[in-house]
Amino acid sequence: MTTDNHNALKRSYQETIKVVTEVINDWDPYDLIKSGAPDNEFSPEVGRIAAKAHGVKTSMELAKIISGVFTDQFGPEYFSVEACVQVASRLFTDLKNHGLLESRES
């Protein structure tokens, strides 16, 4: 990997982190951010989602990723795939609009 490729990949990942952070913080499933928690409250979850988001082809794939990450961290009560569809749809659209996804949802 060339230095230019490495730098481009790093910039892409940093941008993905920014987009995922914004969407997850807006979703704020436990109202932690709204209650005064720091903006990096969901950093571990954001990092895991961002690392897996690059290759998704549909918002449903992203819903499964979000569901899995939040279920692992907080338990399955509130984070079924169906409960994550809306946030996944917004995230998919935002990532697509920022040119951070390789494929387009049909």
# chains A, B, ... in the order shown; residues from 1 in each chain; ligands from 1
>>> select_by_dssp(residues="chain A", states="helix (DSSP H, G or I)", output="MDAnalysis selection string")
chainID A and resid 3:27 43:53 59:74 82:97
>>> write_last_selection(atoms="C-alpha atoms", output="compact mmCIF listing (two decimals), in the first residue's frame")
# COMPACT_ATOMS: atom_id res chain seq x y z
CA THR A 3 1.47 6.30 1.40
CA ASP A 4 -1.19 8.07 -0.67
CA ASN A 5 -3.48 5.03 -0.50
CA HIS A 6 -2.90 4.73 3.23
CA ASN A 7 -3.68 8.42 3.78
CA ALA A 8 -6.83 8.21 1.65
CA LEU A 9 -8.01 5.15 3.58
CA LYS A 10 -7.31 6.90 6.88
CA ARG A 11 -9.26 10.01 5.78
CA SER A 12 -12.16 7.83 4.64
CA TYR A 13 -12.26 6.01 7.98
CA GLN A 14 -12.09 9.30 9.91
CA GLU A 15 -14.98 10.67 7.84
CA THR A 16 -16.94 7.46 8.43
CA ILE A 17 -16.39 7.84 12.19
CA LYS A 18 -17.71 11.42 12.01
CA VAL A 19 -20.84 10.41 10.10
CA VAL A 20 -21.55 7.37 12.29
CA THR A 21 -21.01 9.44 15.45
CA GLU A 22 -23.45 12.10 14.30
CA VAL A 23 -26.18 9.60 13.43
CA ILE A 24 -25.75 7.44 16.55
CA ASN A 25 -25.64 10.49 18.83
CA ASP A 26 -28.82 11.83 17.22
CA TRP A 27 -30.45 8.41 17.69
CA SER A 43 -17.37 5.74 20.80
CA PRO A 44 -16.84 1.96 21.20
CA GLU A 45 -20.08 1.23 19.34
CA VAL A 46 -19.34 3.86 16.69
CA GLY A 47 -15.91 2.36 16.05
CA ARG A 48 -17.30 -1.13 15.62
CA ILE A 49 -20.07 0.07 13.30
CA ALA A 50 -17.68 2.20 11.23
CA ALA A 51 -15.25 -0.70 10.85
CA LYS A 52 -17.99 -2.93 9.43
CA ALA A 53 -19.95 -0.32 7.45
CA SER A 59 -29.48 -0.44 4.82
CA MET A 60 -30.75 -3.80 6.13
CA GLU A 61 -27.17 -5.07 6.35
CA LEU A 62 -26.37 -1.95 8.33
CA ALA A 63 -29.39 -2.54 10.60
CA LYS A 64 -28.01 -6.01 11.37
CA ILE A 65 -24.60 -4.52 12.20
CA ILE A 66 -26.10 -1.85 14.48
CA SER A 67 -28.33 -4.41 16.15
CA GLY A 68 -25.40 -6.75 16.77
CA VAL A 69 -23.14 -4.03 18.16
CA PHE A 70 -25.76 -2.57 20.50
CA THR A 71 -27.02 -6.00 21.56
CA ASP A 72 -23.47 -7.04 22.47
CA GLN A 73 -22.99 -3.90 24.51
CA PHE A 74 -26.40 -3.34 26.11
CA GLU A 82 -36.32 -4.21 13.28
CA ALA A 83 -35.70 -1.64 16.04
CA CYS A 84 -32.54 -0.52 14.22
CA VAL A 85 -33.98 -0.18 10.71
CA GLN A 86 -34.76 3.54 10.95
CA VAL A 87 -31.33 4.57 12.26
CA ALA A 88 -29.67 2.23 9.77
CA SER A 89 -31.60 3.79 6.89
CA ARG A 90 -30.48 7.28 7.90
CA LEU A 91 -26.89 6.14 8.39
CA PHE A 92 -26.84 4.32 5.06
CA THR A 93 -28.10 7.45 3.29
CA ASP A 94 -25.60 9.71 5.06
CA LEU A 95 -22.68 7.39 4.32
CA LYS A 96 -23.77 7.14 0.69
CA ASN A 97 -24.12 10.94 0.43
>>> decode(residues="range 46-86 of chain A", atoms="N, CA and C atoms", output="PDB file, in the first residue's frame")
ATOM      1  N   VAL A  46     -19.590   3.157  17.950  1.00  0.00           N
ATOM      2  CA  VAL A  46     -19.343   3.860  16.688  1.00  0.00           C
ATOM      3  C   VAL A  46     -18.160   3.232  15.962  1.00  0.00           C
ATOM      4  N   GLY A  47     -17.081   2.962  16.679  1.00  0.00           N
ATOM      5  CA  GLY A  47     -15.907   2.363  16.053  1.00  0.00           C
ATOM      6  C   GLY A  47     -16.200   1.007  15.440  1.00  0.00           C
ATOM      7  N   ARG A  48     -16.958   0.207  16.141  1.00  0.00           N
ATOM      8  CA  ARG A  48     -17.305  -1.132  15.620  1.00  0.00           C
ATOM      9  C   ARG A  48     -18.210  -1.025  14.397  1.00  0.00           C
ATOM     10  N   ILE A  49     -19.172  -0.112  14.441  1.00  0.00           N
ATOM     11  CA  ILE A  49     -20.074   0.071  13.300  1.00  0.00           C
ATOM     12  C   ILE A  49     -19.293   0.593  12.100  1.00  0.00           C
ATOM     13  N   ALA A  50     -18.460   1.603  12.323  1.00  0.00           N
ATOM     14  CA  ALA A  50     -17.681   2.199  11.229  1.00  0.00           C
ATOM     15  C   ALA A  50     -16.762   1.170  10.581  1.00  0.00           C
ATOM     16  N   ALA A  51     -16.164   0.305  11.385  1.00  0.00           N
ATOM     17  CA  ALA A  51     -15.252  -0.704  10.850  1.00  0.00           C
ATOM     18  C   ALA A  51     -15.962  -1.701   9.943  1.00  0.00           C
ATOM     19  N   LYS A  52     -17.231  -1.945  10.214  1.00  0.00           N
ATOM     20  CA  LYS A  52     -17.990  -2.929   9.435  1.00  0.00           C
ATOM     21  C   LYS A  52     -18.829  -2.295   8.329  1.00  0.00           C
ATOM     22  N   ALA A  53     -19.023  -0.991   8.365  1.00  0.00           N
ATOM     23  CA  ALA A  53     -19.953  -0.325   7.448  1.00  0.00           C
ATOM     24  C   ALA A  53     -19.432  -0.227   6.021  1.00  0.00           C
ATOM     25  N   HIS A  54     -18.137  -0.208   5.846  1.00  0.00           N
ATOM     26  CA  HIS A  54     -17.549   0.050   4.535  1.00  0.00           C
ATOM     27  C   HIS A  54     -18.083  -0.864   3.436  1.00  0.00           C
ATOM     28  N   GLY A  55     -18.271  -2.112   3.741  1.00  0.00           N
ATOM     29  CA  GLY A  55     -18.665  -3.063   2.710  1.00  0.00           C
ATOM     30  C   GLY A  55     -20.149  -3.319   2.567  1.00  0.00           C
ATOM     31  N   VAL A  56     -20.995  -2.609   3.325  1.00  0.00           N
ATOM     32  CA  VAL A  56     -22.427  -2.902   3.249  1.00  0.00           C
ATOM     33  C   VAL A  56     -23.001  -2.470   1.912  1.00  0.00           C
ATOM     34  N   LYS A  57     -24.004  -3.220   1.485  1.00  0.00           N
ATOM     35  CA  LYS A  57     -24.661  -2.922   0.211  1.00  0.00           C
ATOM     36  C   LYS A  57     -26.101  -2.455   0.393  1.00  0.00           C
ATOM     37  N   THR A  58     -26.659  -2.672   1.589  1.00  0.00           N
ATOM     38  CA  THR A  58     -28.044  -2.277   1.847  1.00  0.00           C
ATOM     39  C   THR A  58     -28.177  -1.714   3.256  1.00  0.00           C
ATOM     40  N   SER A  59     -29.234  -0.958   3.472  1.00  0.00           N
ATOM     41  CA  SER A  59     -29.484  -0.435   4.817  1.00  0.00           C
ATOM     42  C   SER A  59     -29.850  -1.576   5.774  1.00  0.00           C
ATOM     43  N   MET A  60     -30.426  -2.662   5.265  1.00  0.00           N
ATOM     44  CA  MET A  60     -30.753  -3.800   6.128  1.00  0.00           C
ATOM     45  C   MET A  60     -29.487  -4.468   6.664  1.00  0.00           C
ATOM     46  N   GLU A  61     -28.450  -4.551   5.850  1.00  0.00           N
ATOM     47  CA  GLU A  61     -27.169  -5.065   6.346  1.00  0.00           C
ATOM     48  C   GLU A  61     -26.653  -4.179   7.475  1.00  0.00           C
ATOM     49  N   LEU A  62     -26.805  -2.893   7.310  1.00  0.00           N
ATOM     50  CA  LEU A  62     -26.372  -1.946   8.329  1.00  0.00           C
ATOM     51  C   LEU A  62     -27.218  -2.073   9.591  1.00  0.00           C
ATOM     52  N   ALA A  63     -28.512  -2.325   9.439  1.00  0.00           N
ATOM     53  CA  ALA A  63     -29.386  -2.544  10.602  1.00  0.00           C
ATOM     54  C   ALA A  63     -28.922  -3.762  11.389  1.00  0.00           C
ATOM     55  N   LYS A  64     -28.511  -4.806  10.697  1.00  0.00           N
ATOM     56  CA  LYS A  64     -28.005  -6.010  11.369  1.00  0.00           C
ATOM     57  C   LYS A  64     -26.716  -5.716  12.125  1.00  0.00           C
ATOM     58  N   ILE A  65     -25.848  -4.893  11.542  1.00  0.00           N
ATOM     59  CA  ILE A  65     -24.601  -4.522  12.205  1.00  0.00           C
ATOM     60  C   ILE A  65     -24.905  -3.706  13.467  1.00  0.00           C
ATOM     61  N   ILE A  66     -25.743  -2.700  13.338  1.00  0.00           N
ATOM     62  CA  ILE A  66     -26.096  -1.853  14.482  1.00  0.00           C
ATOM     63  C   ILE A  66     -26.749  -2.689  15.574  1.00  0.00           C
ATOM     64  N   SER A  67     -27.668  -3.539  15.186  1.00  0.00           N
ATOM     65  CA  SER A  67     -28.334  -4.413  16.147  1.00  0.00           C
ATOM     66  C   SER A  67     -27.322  -5.277  16.890  1.00  0.00           C
ATOM     67  N   GLY A  68     -26.413  -5.885  16.156  1.00  0.00           N
ATOM     68  CA  GLY A  68     -25.404  -6.747  16.774  1.00  0.00           C
ATOM     69  C   GLY A  68     -24.493  -6.002  17.727  1.00  0.00           C
ATOM     70  N   VAL A  69     -24.046  -4.825  17.326  1.00  0.00           N
ATOM     71  CA  VAL A  69     -23.142  -4.028  18.158  1.00  0.00           C
ATOM     72  C   VAL A  69     -23.844  -3.594  19.440  1.00  0.00           C
ATOM     73  N   PHE A  70     -25.058  -3.057  19.315  1.00  0.00           N
ATOM     74  CA  PHE A  70     -25.760  -2.569  20.500  1.00  0.00           C
ATOM     75  C   PHE A  70     -26.280  -3.710  21.370  1.00  0.00           C
ATOM     76  N   THR A  71     -26.620  -4.829  20.772  1.00  0.00           N
ATOM     77  CA  THR A  71     -27.022  -5.998  21.558  1.00  0.00           C
ATOM     78  C   THR A  71     -25.839  -6.518  22.369  1.00  0.00           C
ATOM     79  N   ASP A  72     -24.670  -6.589  21.748  1.00  0.00           N
ATOM     80  CA  ASP A  72     -23.475  -7.040  22.467  1.00  0.00           C
ATOM     81  C   ASP A  72     -23.165  -6.133  23.652  1.00  0.00           C
ATOM     82  N   GLN A  73     -23.362  -4.856  23.479  1.00  0.00           N
ATOM     83  CA  GLN A  73     -22.992  -3.897  24.510  1.00  0.00           C
ATOM     84  C   GLN A  73     -24.063  -3.740  25.589  1.00  0.00           C
ATOM     85  N   PHE A  74     -25.335  -3.707  25.175  1.00  0.00           N
ATOM     86  CA  PHE A  74     -26.398  -3.335  26.107  1.00  0.00           C
ATOM     87  C   PHE A  74     -27.451  -4.419  26.333  1.00  0.00           C
ATOM     88  N   GLY A  75     -27.412  -5.482  25.559  1.00  0.00           N
ATOM     89  CA  GLY A  75     -28.407  -6.535  25.686  1.00  0.00           C
ATOM     90  C   GLY A  75     -29.446  -6.454  24.577  1.00  0.00           C
ATOM     91  N   PRO A  76     -30.166  -7.549  24.353  1.00  0.00           N
ATOM     92  CA  PRO A  76     -31.059  -7.651  23.196  1.00  0.00           C
ATOM     93  C   PRO A  76     -32.441  -7.014  23.359  1.00  0.00           C
ATOM     94  N   GLU A  77     -32.791  -6.551  24.555  1.00  0.00           N
ATOM     95  CA  GLU A  77     -34.164  -6.092  24.796  1.00  0.00           C
ATOM     96  C   GLU A  77     -34.637  -5.031  23.806  1.00  0.00           C
ATOM     97  N   TYR A  78     -33.772  -4.083  23.464  1.00  0.00           N
ATOM     98  CA  TYR A  78     -34.199  -2.929  22.670  1.00  0.00           C
ATOM     99  C   TYR A  78     -33.576  -2.856  21.292  1.00  0.00           C
ATOM    100  N   PHE A  79     -32.758  -3.798  20.948  1.00  0.00           N
ATOM    101  CA  PHE A  79     -31.962  -3.632  19.743  1.00  0.00           C
ATOM    102  C   PHE A  79     -32.128  -4.753  18.719  1.00  0.00           C
ATOM    103  N   SER A  80     -33.358  -5.151  18.491  1.00  0.00           N
ATOM    104  CA  SER A  80     -33.616  -6.101  17.415  1.00  0.00           C
ATOM    105  C   SER A  80     -33.270  -5.428  16.090  1.00  0.00           C
ATOM    106  N   VAL A  81     -33.110  -6.215  15.068  1.00  0.00           N
ATOM    107  CA  VAL A  81     -32.840  -5.654  13.745  1.00  0.00           C
ATOM    108  C   VAL A  81     -33.953  -4.682  13.367  1.00  0.00           C
ATOM    109  N   GLU A  82     -35.181  -5.067  13.628  1.00  0.00           N
ATOM    110  CA  GLU A  82     -36.315  -4.209  13.281  1.00  0.00           C
ATOM    111  C   GLU A  82     -36.260  -2.871  14.018  1.00  0.00           C
ATOM    112  N   ALA A  83     -35.801  -2.880  15.260  1.00  0.00           N
ATOM    113  CA  ALA A  83     -35.699  -1.642  16.039  1.00  0.00           C
ATOM    114  C   ALA A  83     -34.585  -0.733  15.518  1.00  0.00           C
ATOM    115  N   CYS A  84     -33.682  -1.285  14.732  1.00  0.00           N
ATOM    116  CA  CYS A  84     -32.544  -0.520  14.223  1.00  0.00           C
ATOM    117  C   CYS A  84     -32.688  -0.107  12.762  1.00  0.00           C
ATOM    118  N   VAL A  85     -33.795  -0.457  12.141  1.00  0.00           N
ATOM    119  CA  VAL A  85     -33.979  -0.177  10.711  1.00  0.00           C
ATOM    120  C   VAL A  85     -33.976   1.323  10.424  1.00  0.00           C
ATOM    121  N   GLN A  86     -34.662   2.104  11.225  1.00  0.00           N
ATOM    122  CA  GLN A  86     -34.759   3.540  10.948  1.00  0.00           C
ATOM    123  C   GLN A  86     -33.393   4.223  11.048  1.00  0.00           C
TER     124      GLN A  86
END
